[in-house]
file protein_25.cif (mmCIF, C-alpha atoms and all ligand atoms)
data_work
#
loop_
_atom_site.label_atom_id
_atom_site.label_comp_id
_atom_site.auth_asym_id
_atom_site.auth_seq_id
_atom_site.Cartn_x
_atom_site.Cartn_y
_atom_site.Cartn_z
CA MET A 91 0.00 0.00 0.00
CA LYS A 92 1.01 3.62 -0.37
CA VAL A 93 1.07 5.22 3.08
CA PHE A 94 1.30 8.99 3.66
CA VAL A 95 2.76 9.77 7.09
CA ALA A 96 2.24 13.32 8.40
CA GLY A 97 4.76 13.71 11.23
CA ALA A 98 7.19 11.20 9.70
CA THR A 99 10.26 12.88 11.27
CA GLY A 100 8.89 12.72 14.85
CA ALA A 101 9.81 10.25 17.58
CA LEU A 102 7.02 7.94 16.50
CA GLY A 103 7.44 8.59 12.79
CA ARG A 104 11.11 7.63 12.90
CA GLN A 105 10.11 4.21 14.26
CA LEU A 106 7.03 3.86 12.07
CA VAL A 107 8.50 4.59 8.63
CA PRO A 108 11.12 1.76 8.64
CA MET A 109 8.53 -0.69 10.02
CA LEU A 110 6.11 0.15 7.20
CA ILE A 111 8.87 -0.19 4.62
CA ALA A 112 9.97 -3.53 6.08
CA ASN A 113 6.38 -4.73 5.59
CA GLY A 114 6.54 -3.82 1.90
CA HIS A 115 4.69 -0.49 1.90
CA ASP A 116 5.57 2.55 -0.15
CA VAL A 117 5.91 5.48 2.29
CA VAL A 118 5.60 9.21 1.62
CA GLY A 119 6.78 11.18 4.67
CA MET A 120 5.72 14.76 5.34
CA THR A 121 7.80 17.36 7.18
CA ARG A 122 7.44 21.13 7.36
CA THR A 123 11.22 21.42 7.38
CA GLU A 124 13.15 21.44 4.09
CA ALA A 125 16.37 20.40 5.87
CA LYS A 126 14.79 17.12 7.02
CA ARG A 127 14.34 15.71 3.51
CA ASP A 128 17.57 13.71 3.83
CA GLN A 129 16.49 12.29 7.17
CA LEU A 130 13.33 10.95 5.52
CA LEU A 131 15.27 9.56 2.57
CA GLY A 132 17.52 7.82 5.10
CA LEU A 133 14.47 6.20 6.70
CA GLY A 134 13.40 4.95 3.28
CA ALA A 135 10.48 7.35 2.71
CA ARG A 136 9.87 9.72 -0.18
CA PRO A 137 9.97 13.17 1.45
CA VAL A 138 7.42 15.92 0.87
CA VAL A 139 7.59 19.34 2.48
CA ALA A 140 4.39 21.08 3.57
CA ASP A 141 3.01 22.96 6.54
CA ALA A 142 0.06 20.97 7.89
CA LEU A 143 -1.72 24.25 8.66
CA ASP A 144 -1.58 25.31 5.01
CA ALA A 145 -4.63 23.62 3.46
CA ASP A 146 -3.50 24.22 -0.14
CA ALA A 147 -0.01 22.83 0.47
CA VAL A 148 -1.45 19.72 2.14
CA LYS A 149 -3.89 19.24 -0.71
CA ARG A 150 -1.04 19.49 -3.20
CA VAL A 151 1.31 16.97 -1.55
CA VAL A 152 -1.46 14.49 -0.73
CA GLY A 153 -2.87 14.92 -4.24
CA GLU A 154 0.53 14.14 -5.77
CA ALA A 155 1.09 11.14 -3.48
CA GLU A 156 -2.37 9.58 -4.01
CA PRO A 157 -2.03 7.41 -0.90
CA ASP A 158 -4.22 4.48 0.17
CA VAL A 159 -3.74 5.38 3.85
CA ILE A 160 -2.99 8.64 5.69
CA VAL A 161 -1.37 8.53 9.14
CA HIS A 162 -1.59 11.66 11.32
CA GLU A 163 1.24 11.97 13.87
CA LEU A 164 1.53 15.76 14.03
CA THR A 165 2.37 17.66 17.18
CA ALA A 166 4.35 20.74 18.22
CA ILE A 167 4.93 20.36 21.95
CA PRO A 168 7.94 22.39 23.14
CA PRO A 169 10.84 20.39 24.65
CA ALA A 170 10.36 21.96 28.10
CA ILE A 171 6.76 22.63 29.13
CA ASP A 172 5.77 25.30 31.64
CA MET A 173 3.10 23.29 33.43
CA ARG A 174 1.45 26.48 34.73
CA HIS A 175 0.69 27.52 31.16
CA VAL A 176 -0.09 24.27 29.37
CA ASP A 177 -2.79 25.99 27.31
CA ARG A 178 -0.19 28.36 25.87
CA GLU A 179 2.37 25.55 25.41
CA PHE A 180 -0.16 23.41 23.51
CA ALA A 181 -1.59 26.20 21.32
CA LEU A 182 0.15 25.06 18.11
CA THR A 183 -0.47 21.38 18.86
CA ASN A 184 -4.15 22.22 19.32
CA ARG A 185 -4.19 23.82 15.87
CA LEU A 186 -2.53 20.72 14.40
CA ARG A 187 -5.24 18.60 16.04
CA THR A 188 -8.04 20.79 14.66
CA GLU A 189 -7.02 22.58 11.43
CA GLY A 190 -4.24 20.08 10.69
CA THR A 191 -6.65 17.15 11.01
CA ASP A 192 -9.27 18.84 8.84
CA ASN A 193 -6.67 19.63 6.17
CA LEU A 194 -5.47 16.01 6.02
CA LEU A 195 -9.01 14.61 5.96
CA SER A 196 -10.15 16.96 3.25
CA ALA A 197 -7.04 16.38 1.10
CA GLY A 198 -7.34 12.62 1.57
CA GLN A 199 -11.02 12.55 0.68
CA SER A 200 -10.39 14.41 -2.53
CA VAL A 201 -8.08 11.59 -3.73
CA GLY A 202 -10.20 8.74 -2.35
CA VAL A 203 -8.03 7.64 0.58
CA LYS A 204 -9.32 4.33 1.95
CA ARG A 205 -8.15 4.62 5.56
CA PHE A 206 -7.15 7.29 8.07
CA VAL A 207 -5.12 6.47 11.19
CA ALA A 208 -4.81 9.33 13.66
CA GLN A 209 -3.11 9.85 17.00
CA SER A 210 -4.91 10.75 20.19
CA HIS A 211 -4.15 10.48 23.90
CA ALA A 212 -4.95 7.69 26.37
CA ALA A 213 -4.92 9.80 29.53
CA LEU A 214 -6.35 13.22 28.80
CA PRO A 215 -9.83 12.38 27.42
CA TYR A 216 -11.14 10.11 30.21
CA ALA A 217 -13.29 11.39 33.07
CA ARG A 218 -11.46 11.34 36.39
CA ILE A 219 -14.20 9.33 38.07
CA GLY A 220 -14.75 5.64 38.81
CA GLY A 221 -12.14 2.90 38.50
CA PRO A 222 -8.42 3.44 37.86
CA VAL A 223 -8.20 1.88 34.34
CA LYS A 224 -10.42 2.96 31.45
CA ARG A 225 -11.66 1.15 28.37
CA GLU A 226 -12.35 3.11 25.21
CA ASP A 227 -16.07 3.45 25.94
CA ALA A 228 -15.52 5.08 29.36
CA PRO A 229 -17.10 8.52 29.89
CA LEU A 230 -15.01 11.48 28.76
CA ASP A 231 -13.91 14.33 31.01
CA GLU A 232 -16.61 17.00 31.02
CA HIS A 233 -14.82 19.15 33.61
CA PRO A 234 -11.13 19.35 32.64
CA ALA A 235 -8.67 21.54 34.53
CA ALA A 236 -8.97 25.09 33.14
CA ALA A 237 -5.51 24.93 31.56
CA MET A 238 -6.46 21.76 29.66
CA ARG A 239 -9.83 22.91 28.31
CA GLU A 240 -8.58 23.94 24.89
CA GLY A 241 -6.28 20.92 24.64
CA LEU A 242 -9.08 18.54 25.39
CA ALA A 243 -11.44 20.30 22.98
CA ALA A 244 -8.79 19.90 20.26
CA ILE A 245 -8.43 16.16 20.98
CA ARG A 246 -12.19 15.77 20.85
CA HIS A 247 -12.32 17.64 17.55
CA LEU A 248 -9.67 15.32 16.10
CA GLU A 249 -11.44 12.16 17.26
CA ALA A 250 -14.89 13.27 16.10
CA ALA A 251 -13.64 14.50 12.72
CA VAL A 252 -11.69 11.30 12.03
CA VAL A 253 -14.39 8.91 13.23
CA GLY A 254 -16.99 10.90 11.27
CA VAL A 255 -15.10 10.84 7.97
CA ARG A 256 -17.17 9.61 5.02
CA GLY A 257 -16.05 7.08 2.47
CA ALA A 258 -13.00 5.78 4.35
CA ASP A 259 -12.20 3.64 7.38
CA ALA A 260 -11.03 5.62 10.39
CA VAL A 261 -8.86 4.46 13.26
CA VAL A 262 -8.00 6.60 16.29
CA LEU A 263 -5.08 5.46 18.42
CA ARG A 264 -5.12 6.83 21.97
CA TYR A 265 -1.44 6.45 22.82
CA GLY A 266 -0.18 6.28 26.39
CA TRP A 267 2.67 8.48 27.65
CA PHE A 268 5.62 7.88 25.32
CA TYR A 269 9.09 6.90 26.42
CA GLY A 270 12.04 5.68 24.37
CA PRO A 271 14.23 7.20 21.64
CA GLY A 272 13.35 10.76 20.66
CA THR A 273 10.68 11.22 23.36
CA SER A 274 10.93 13.34 26.51
CA ILE A 275 11.75 10.19 28.54
CA ALA A 276 14.82 9.04 26.64
CA PRO A 277 18.56 8.99 27.04
CA ASP A 278 19.18 11.00 23.87
CA PRO A 279 17.64 14.45 23.34
CA PRO A 280 18.92 17.46 25.28
CA GLY A 281 16.25 18.48 27.78
CA SER A 282 14.88 14.96 28.23
CA GLN A 283 13.94 13.80 31.71
CA VAL A 284 17.08 11.67 31.85
CA GLU A 285 19.02 14.91 31.82
CA VAL A 286 16.52 17.07 33.72
CA LEU A 287 15.28 14.79 36.54
CA PRO A 288 18.59 14.42 38.39
CA LYS A 289 18.93 18.25 38.52
CA ARG A 290 15.29 19.22 39.11
CA PRO A 291 13.48 16.13 40.43
CA PHE A 292 9.67 16.04 40.33
CA PRO A 293 8.15 15.50 43.75
CA ILE A 294 5.20 13.17 44.32
CA VAL A 295 2.22 15.47 44.82
CA GLY A 296 -0.38 14.48 47.43
CA ARG A 297 -0.52 10.69 47.62
CA GLY A 298 0.59 10.32 44.00
CA THR A 299 -2.66 8.58 43.06
CA GLY A 300 -2.81 9.67 39.40
CA ILE A 301 -2.62 6.54 37.20
CA TRP A 302 -0.30 6.68 34.18
CA SER A 303 -0.32 4.32 31.22
CA PHE A 304 3.00 4.35 29.38
CA ILE A 305 4.01 2.98 25.99
CA HIS A 306 7.45 2.53 24.46
CA VAL A 307 7.47 4.51 21.22
CA ALA A 308 8.54 1.38 19.25
CA ASP A 309 5.49 -0.47 20.55
CA ALA A 310 3.29 2.53 19.66
CA ALA A 311 4.71 2.41 16.13
CA ALA A 312 4.04 -1.35 15.87
CA ALA A 313 0.39 -0.77 16.84
CA THR A 314 0.21 1.96 14.21
CA VAL A 315 1.49 -0.45 11.54
CA ALA A 316 -1.22 -2.93 12.59
CA ALA A 317 -3.84 -0.17 12.32
CA VAL A 318 -2.59 0.83 8.86
CA GLU A 319 -2.75 -2.75 7.61
CA GLY A 320 -6.22 -3.69 8.86
CA GLY A 321 -8.54 -4.38 11.74
CA PRO A 322 -11.89 -2.80 12.50
CA ALA A 323 -12.23 0.97 12.14
CA ASP A 324 -12.48 2.05 15.78
CA ILE A 325 -10.85 3.88 18.69
CA TYR A 326 -8.08 1.97 20.50
CA ASN A 327 -6.01 2.63 23.62
CA VAL A 328 -2.37 1.89 22.78
CA VAL A 329 -0.76 1.42 26.19
CA ASP A 330 1.34 -1.16 28.00
CA ASP A 331 0.07 -3.84 30.39
CA GLU A 332 0.84 -2.00 33.62
CA PRO A 333 -1.05 1.20 34.42
CA ALA A 334 0.59 2.50 37.59
CA PRO A 335 0.15 5.28 40.14
CA VAL A 336 2.65 8.13 40.24
CA SER A 337 3.71 6.98 43.72
CA GLU A 338 4.87 3.70 42.16
CA PHE A 339 6.47 4.65 38.84
CA LEU A 340 8.15 7.95 39.76
CA PRO A 341 10.66 6.39 42.21
CA VAL A 342 11.50 3.74 39.57
CA LEU A 343 11.94 6.41 36.87
CA ALA A 344 14.10 8.50 39.22
CA ALA A 345 16.31 5.48 39.98
CA ALA A 346 16.56 4.60 36.25
CA VAL A 347 17.94 8.06 35.42
CA GLY A 348 20.19 8.34 38.45
CA ALA A 349 18.08 10.91 40.33
CA LYS A 350 17.40 10.95 44.08
CA PRO A 351 14.12 9.33 45.25
CA PRO A 352 11.29 11.87 44.79
CA ARG A 353 10.19 13.99 47.76
CA ARG A 354 6.52 14.24 48.70
CA VAL A 355 4.70 17.58 48.77
CA PRO A 356 1.09 18.46 49.60
CA ARG A 357 -1.34 19.42 46.81
CA TRP A 358 -1.27 23.12 47.64
CA VAL A 359 2.52 23.23 47.24
CA GLY A 360 2.20 21.36 43.92
CA THR A 361 -0.45 23.85 42.74
CA LEU A 362 1.71 26.84 43.67
CA ALA A 363 4.82 25.40 42.04
CA ALA A 364 3.42 23.78 38.90
CA GLY A 365 -0.26 24.75 38.52
CA GLU A 366 -3.57 22.92 38.59
CA TRP A 367 -2.98 20.62 35.60
CA ALA A 368 0.26 19.21 37.06
CA VAL A 369 -1.58 18.37 40.28
CA VAL A 370 -4.42 16.73 38.35
CA ALA A 371 -1.86 14.63 36.45
CA MET A 372 -0.15 13.61 39.70
CA THR A 373 -3.29 12.80 41.67
CA GLU A 374 -6.40 12.27 39.51
CA ILE A 375 -5.87 11.08 35.95
CA ARG A 376 -6.75 7.52 35.03
CA GLY A 377 -4.91 4.77 33.19
CA ALA A 378 -6.13 2.84 30.13
CA SER A 379 -6.77 -0.78 29.16
CA ASN A 380 -5.12 -2.34 26.07
CA GLU A 381 -7.50 -5.30 25.88
CA LYS A 382 -9.25 -4.13 22.70
CA VAL A 383 -6.17 -3.26 20.64
CA LYS A 384 -4.58 -6.62 21.45
CA ARG A 385 -7.75 -8.51 20.58
CA GLU A 386 -8.73 -6.63 17.41
CA LEU A 387 -5.37 -5.70 15.89
CA GLY A 388 -3.37 -8.74 17.08
CA TRP A 389 -0.75 -6.34 18.51
CA GLN A 390 2.00 -7.69 20.73
CA LEU A 391 4.16 -5.66 23.09
CA ARG A 392 7.93 -5.75 23.06
CA TYR A 393 7.89 -3.84 26.37
CA PRO A 394 4.82 -5.10 28.31
CA SER A 395 5.76 -2.94 31.30
CA TRP A 396 7.44 0.43 31.75
CA ARG A 397 9.51 -1.30 34.46
CA GLN A 398 11.33 -3.33 31.83
CA GLY A 399 11.36 -0.41 29.34
CA PHE A 400 12.83 2.11 31.81
CA ALA A 401 15.44 -0.41 33.01
CA GLU A 402 16.55 -1.38 29.49
CA GLY A 403 16.18 1.93 27.73
CA LEU A 404 17.20 4.67 30.15
CA ALA A 405 20.22 3.31 31.97
N1 LIG B 501 4.47 12.09 23.62
C1 LIG B 501 3.43 11.48 24.16
O1 LIG B 501 3.48 11.04 25.31
C2 LIG B 501 2.17 11.31 23.35
C3 LIG B 501 1.05 10.74 23.95
C4 LIG B 501 -0.11 10.59 23.20
C5 LIG B 501 -0.14 11.00 21.87
N2 LIG B 501 0.97 11.57 21.31
C6 LIG B 501 0.88 11.97 19.89
O2 LIG B 501 1.66 11.07 19.10
C7 LIG B 501 2.04 11.73 17.88
C8 LIG B 501 3.51 11.48 17.61
O3 LIG B 501 4.28 12.14 18.62
P1 LIG B 501 5.83 12.36 18.50
O4 LIG B 501 6.40 12.25 19.88
O5 LIG B 501 6.37 11.49 17.42
O6 LIG B 501 5.92 13.90 18.05
P2 LIG B 501 7.23 14.73 17.68
O7 LIG B 501 8.45 13.92 17.87
O8 LIG B 501 7.14 16.03 18.39
O9 LIG B 501 7.07 14.98 16.08
C9 LIG B 501 6.13 15.88 15.63
C10 LIG B 501 6.01 15.80 14.12
O10 LIG B 501 5.04 16.76 13.69
C11 LIG B 501 5.59 17.47 12.58
N3 LIG B 501 5.04 18.83 12.53
C12 LIG B 501 4.89 19.71 13.55
N4 LIG B 501 4.32 20.84 13.10
C13 LIG B 501 4.10 20.65 11.77
C14 LIG B 501 3.51 21.47 10.77
N5 LIG B 501 3.03 22.69 11.02
N6 LIG B 501 3.43 20.97 9.53
C15 LIG B 501 3.93 19.74 9.22
N7 LIG B 501 4.49 18.93 10.13
C16 LIG B 501 4.57 19.38 11.40
C17 LIG B 501 7.08 17.48 12.80
O11 LIG B 501 7.69 17.67 11.55
P3 LIG B 501 9.04 18.54 11.29
O12 LIG B 501 9.59 18.93 12.63
O13 LIG B 501 9.92 17.59 10.55
O14 LIG B 501 8.66 19.67 10.44
C18 LIG B 501 7.31 16.08 13.38
O15 LIG B 501 7.43 15.15 12.33
C19 LIG B 501 1.72 13.20 18.07
O16 LIG B 501 0.55 13.50 17.34
C20 LIG B 501 1.47 13.34 19.57
O17 LIG B 501 0.56 14.38 19.88
C21 LIG B 501 2.11 11.72 22.01
#

call {"tool": "encode", "arguments": {"input": "protein_25.cif", "output": "structure tokens", "more": "lines below"}}
Ligand SMILES: NC(=O)c1ccc[n+]([C@@H]2O[C@H](COP(=O)([O-])OP(=O)(O)OC[C@H]3O[C@@H](n4cnc5c(N)ncnc54)[C@H](OP(=O)(O)O)[C@@H]3O)[C@@H](O)[C@H]2O)c1
result
Amino acid sequence: MKVFVAGATGALGRQLVPMLIANGHDVVGMTRTEAKRDQLLGLGARPVVADALDADAVKRVVGEAEPDVIVHELTAIPPAIDMRHVDREFALTNRLRTEGTDNLLSAGQSVGVKRFVAQSHAALPYARIGGPVKREDAPLDEHPAAAMREGLAAIRHLEAAVVGVRGADAVVLRYGWFYGPGTSIAPDPPGSQVEVLPKRPFPIVGRGTGIWSFIHVADAAAATVAAVEGGPADIYNVVDDEPAPVSEFLPVLAAAVGAKPPRRVPRWVGTLAAGEWAVVAMTEIRGASNEKVKRELGWQLRYPSWRQGFAEGLA
């Protein structure tokens, strides 16, 4: 198949493109950055340069590629996020999830694309009520932290637009928190937590009861390949087997990167230091179940637990 990957140079894209090529697909990779053409050629993709927010440019490159499948992996999250201003930090990402999604869908529809596969998030959409681990049909968060309102609205726009697309199959992948090469929890990029945590360790806020579902970026890419190649059009959580509270994973992450064990601080100190959203993430968010993606897409994890992934990948 011919697969058009928007976000082909990202942490996930760099894993995804070679996997698609190894499975015999013809890959066109989109970047907004002229200088990254060679990187895409090196991965085995045919590079195209376009800004996802420029509808005409997207229409042109998708029109020329005439893909069977479009994969949406766009994001523009800054390397270091000021947690007190997440709305500001996510402004461009929100536009990529709204306008960027609409541009890809519209360009794809005009050349008869058969399948769309789009990223979403496994932690942010779910209501912070009820049990600790959510399936895809769990209620969504109707009362997000103020700083996350626009971000959540953008994710909802993406999911609704993709699922509602006419004339093509649509798959939404709600990825867990990434770790591994090129992500913010990785040994390589400057500013990653491996570099930052030992100098400025995160404390555990409150009782650290927020549940996090992680996914190694290579496993996320493998699930994306499975979604490109088949399976029912649906929404899937793409997470590992071990959702875990902050109180459990943060000491393990700190040890893996050579930081001191995290201190504990009360909620009000967390709110003052890092804002409401950081406290919600540390104390209230829920994890996600991977039962459906394993059953329907036949996906298997190379890193079933973040324990193994942190130990092998971050040392
Ligand atoms: N990190 C997580 O924990 C997490 C969790 C859930 C979901 N996700 C989602 O998973 C997807 C993949 O994430 P990632 O970590 O691979 O992202 P990433 O490394 O930040 O890569 C982002 C990609 O988006 C492209 N891009 C950004 N702005 C663009 C624009 N205006 N026009 C065209 N391309 C643009 C970049 O291309 P160039 O820089 O080459 O131009 C790059 O290829 C994202 O959609 C992200 O939101 C991530």

call {"tool": "closest_residue", "arguments": {"input": "protein_25.cif", "among": "A:Ala308, A:Leu340, A:Leu164, A:Leu230", "to": "ligand LIG 501 (chain B)", "atoms": "only C-alpha atoms and all ligand atoms"}}
result
A:Leu164

call {"tool": "closest_residue", "arguments": {"input": "protein_25.cif", "among": "A:Arg397, A:Arg185, A:Lys92, A:Arg174", "to": "ligand LIG 501 (chain B)", "atoms": "all atoms listed in the file"}}
result
A:Arg185

call {"tool": "residues_near_ligand", "arguments": {"input": "protein_25.cif", "ligand": "ligand LIG 501 (chain B)", "cutoff": "6 Å", "atoms": "only C-alpha atoms and all ligand atoms", "output": "NGL selection string"}}
result
:A and (97-103 or 121-123 or 140-143 or 163-166 or 209-211 or 265-268 or 273)

call {"tool": "residues_around", "arguments": {"input": "protein_25.cif", "residues": "stretch 237-243 of chain A", "least_positions_apart": "4", "cutoff": "6 Å", "atoms": "all atoms listed in the file", "output": "CSV table (one decimal) with C-alpha atoms, in the frame of the given file"}}
result
chain,number,residue,atom,x,y,z
A,176,VAL,CA,-0.1,24.3,29.4
A,177,ASP,CA,-2.8,26.0,27.3
A,184,ASN,CA,-4.2,22.2,19.3

call {"tool": "residues_around", "arguments": {"input": "protein_25.cif", "residues": "A:Ala378", "least_positions_apart": "2", "cutoff": "9 Å", "atoms": "only C-alpha atoms", "output": "ChimeraX atom specification"}}
result
/A:212-213,216,222-226,266,301-303,327-330,333,376,380

call {"tool": "atom_distance", "arguments": {"input": "protein_25.cif", "atom1": "atom CA of A:Pro137", "atom2": "atom CA of A:Val315"}}
result
19.0 Å

call {"tool": "closest_residue", "arguments": {"input": "protein_25.cif", "among": "A:Asp192, A:Glu179, A:Asp227, A:Glu232", "to": "A:Val255", "atoms": "only C-alpha atoms"}}
result
A:Asp192

call {"tool": "atom_distance", "arguments": {"input": "protein_25.cif", "atom1": "atom CA of A:Ile294", "atom2": "atom CA of A:Ala346"}}
result
16.4 Å

call {"tool": "residues_around", "arguments": {"input": "protein_25.cif", "residues": "stretch 352-365 of chain A", "least_positions_apart": "5", "cutoff": "7 Å", "atoms": "all atoms listed in the file", "output": "PyMOL selection string"}}
result
chain A and resi 173-174+291-296+341

call {"tool": "atom_distance", "arguments": {"input": "protein_25.cif", "atom1": "atom CA of A:Ala371", "atom2": "atom CA of A:Arg385"}}
result
28.7 Å

call {"tool": "residues_around", "arguments": {"input": "protein_25.cif", "residues": "A:Val148", "least_positions_apart": "5", "cutoff": "12 Å", "atoms": "all atoms listed in the file", "output": "list in words"}}
result
Phe94, Val95, Ala96, Met120, Thr121, Arg122, Val138, Val139, Ala140, Asp141, Ala142, Leu143, Gly153, Glu154, Ala155, Glu156, Ile160, Glu189, Gly190, Thr191, Asp192, Asn193, Leu194, Leu195, Ser196, Ala197, Gly198 and Ser200 of chain A

call {"tool": "closest_residue", "arguments": {"input": "protein_25.cif", "among": "A:Gly270, A:Gly300, A:Gly321, A:Pro234", "to": "A:Ser337", "atoms": "all atoms listed in the file"}}
result
A:Gly300

call {"tool": "closest_residue", "arguments": {"input": "protein_25.cif", "among": "A:Arg290, A:Ala170, A:Val93, A:Gln105", "to": "A:Val203", "atoms": "all atoms listed in the file"}}
result
A:Val93

call {"tool": "residues_around", "arguments": {"input": "protein_25.cif", "residues": "A:Glu249", "least_positions_apart": "5", "cutoff": "9 Å", "atoms": "only C-alpha atoms", "output": "PyMOL selection string"}}
result
chain A and resi 208-210+244+254+262+325

call {"tool": "residues_near_point", "arguments": {"input": "protein_25.cif", "point": "(6.6, -5.0, 25.5)", "cutoff": "9 Å", "atoms": "all atoms listed in the file", "output": "NGL selection string"}}
result
:A and (305-306 or 309 or 330-331 or 390-396 or 398-399)

call {"tool": "axis_aligned_box", "arguments": {"input": "protein_25.cif", "around": "stretch 251-255 of chain A", "padding_each_side": "3 Å", "output": "lines of an AutoDock Vina configuration file"}}
result
center_x = -14.3
center_y = 11.7
center_z = 10.6
size_x = 11.3
size_y = 11.6
size_z = 11.3

call {"tool": "residues_near_point", "arguments": {"input": "protein_25.cif", "point": "(16.3, 3.9, 24.9)", "cutoff": "8 Å", "atoms": "all atoms listed in the file", "output": "ChimeraX atom specification"}}
result
/A:269-271,276-278,399-400,402-404
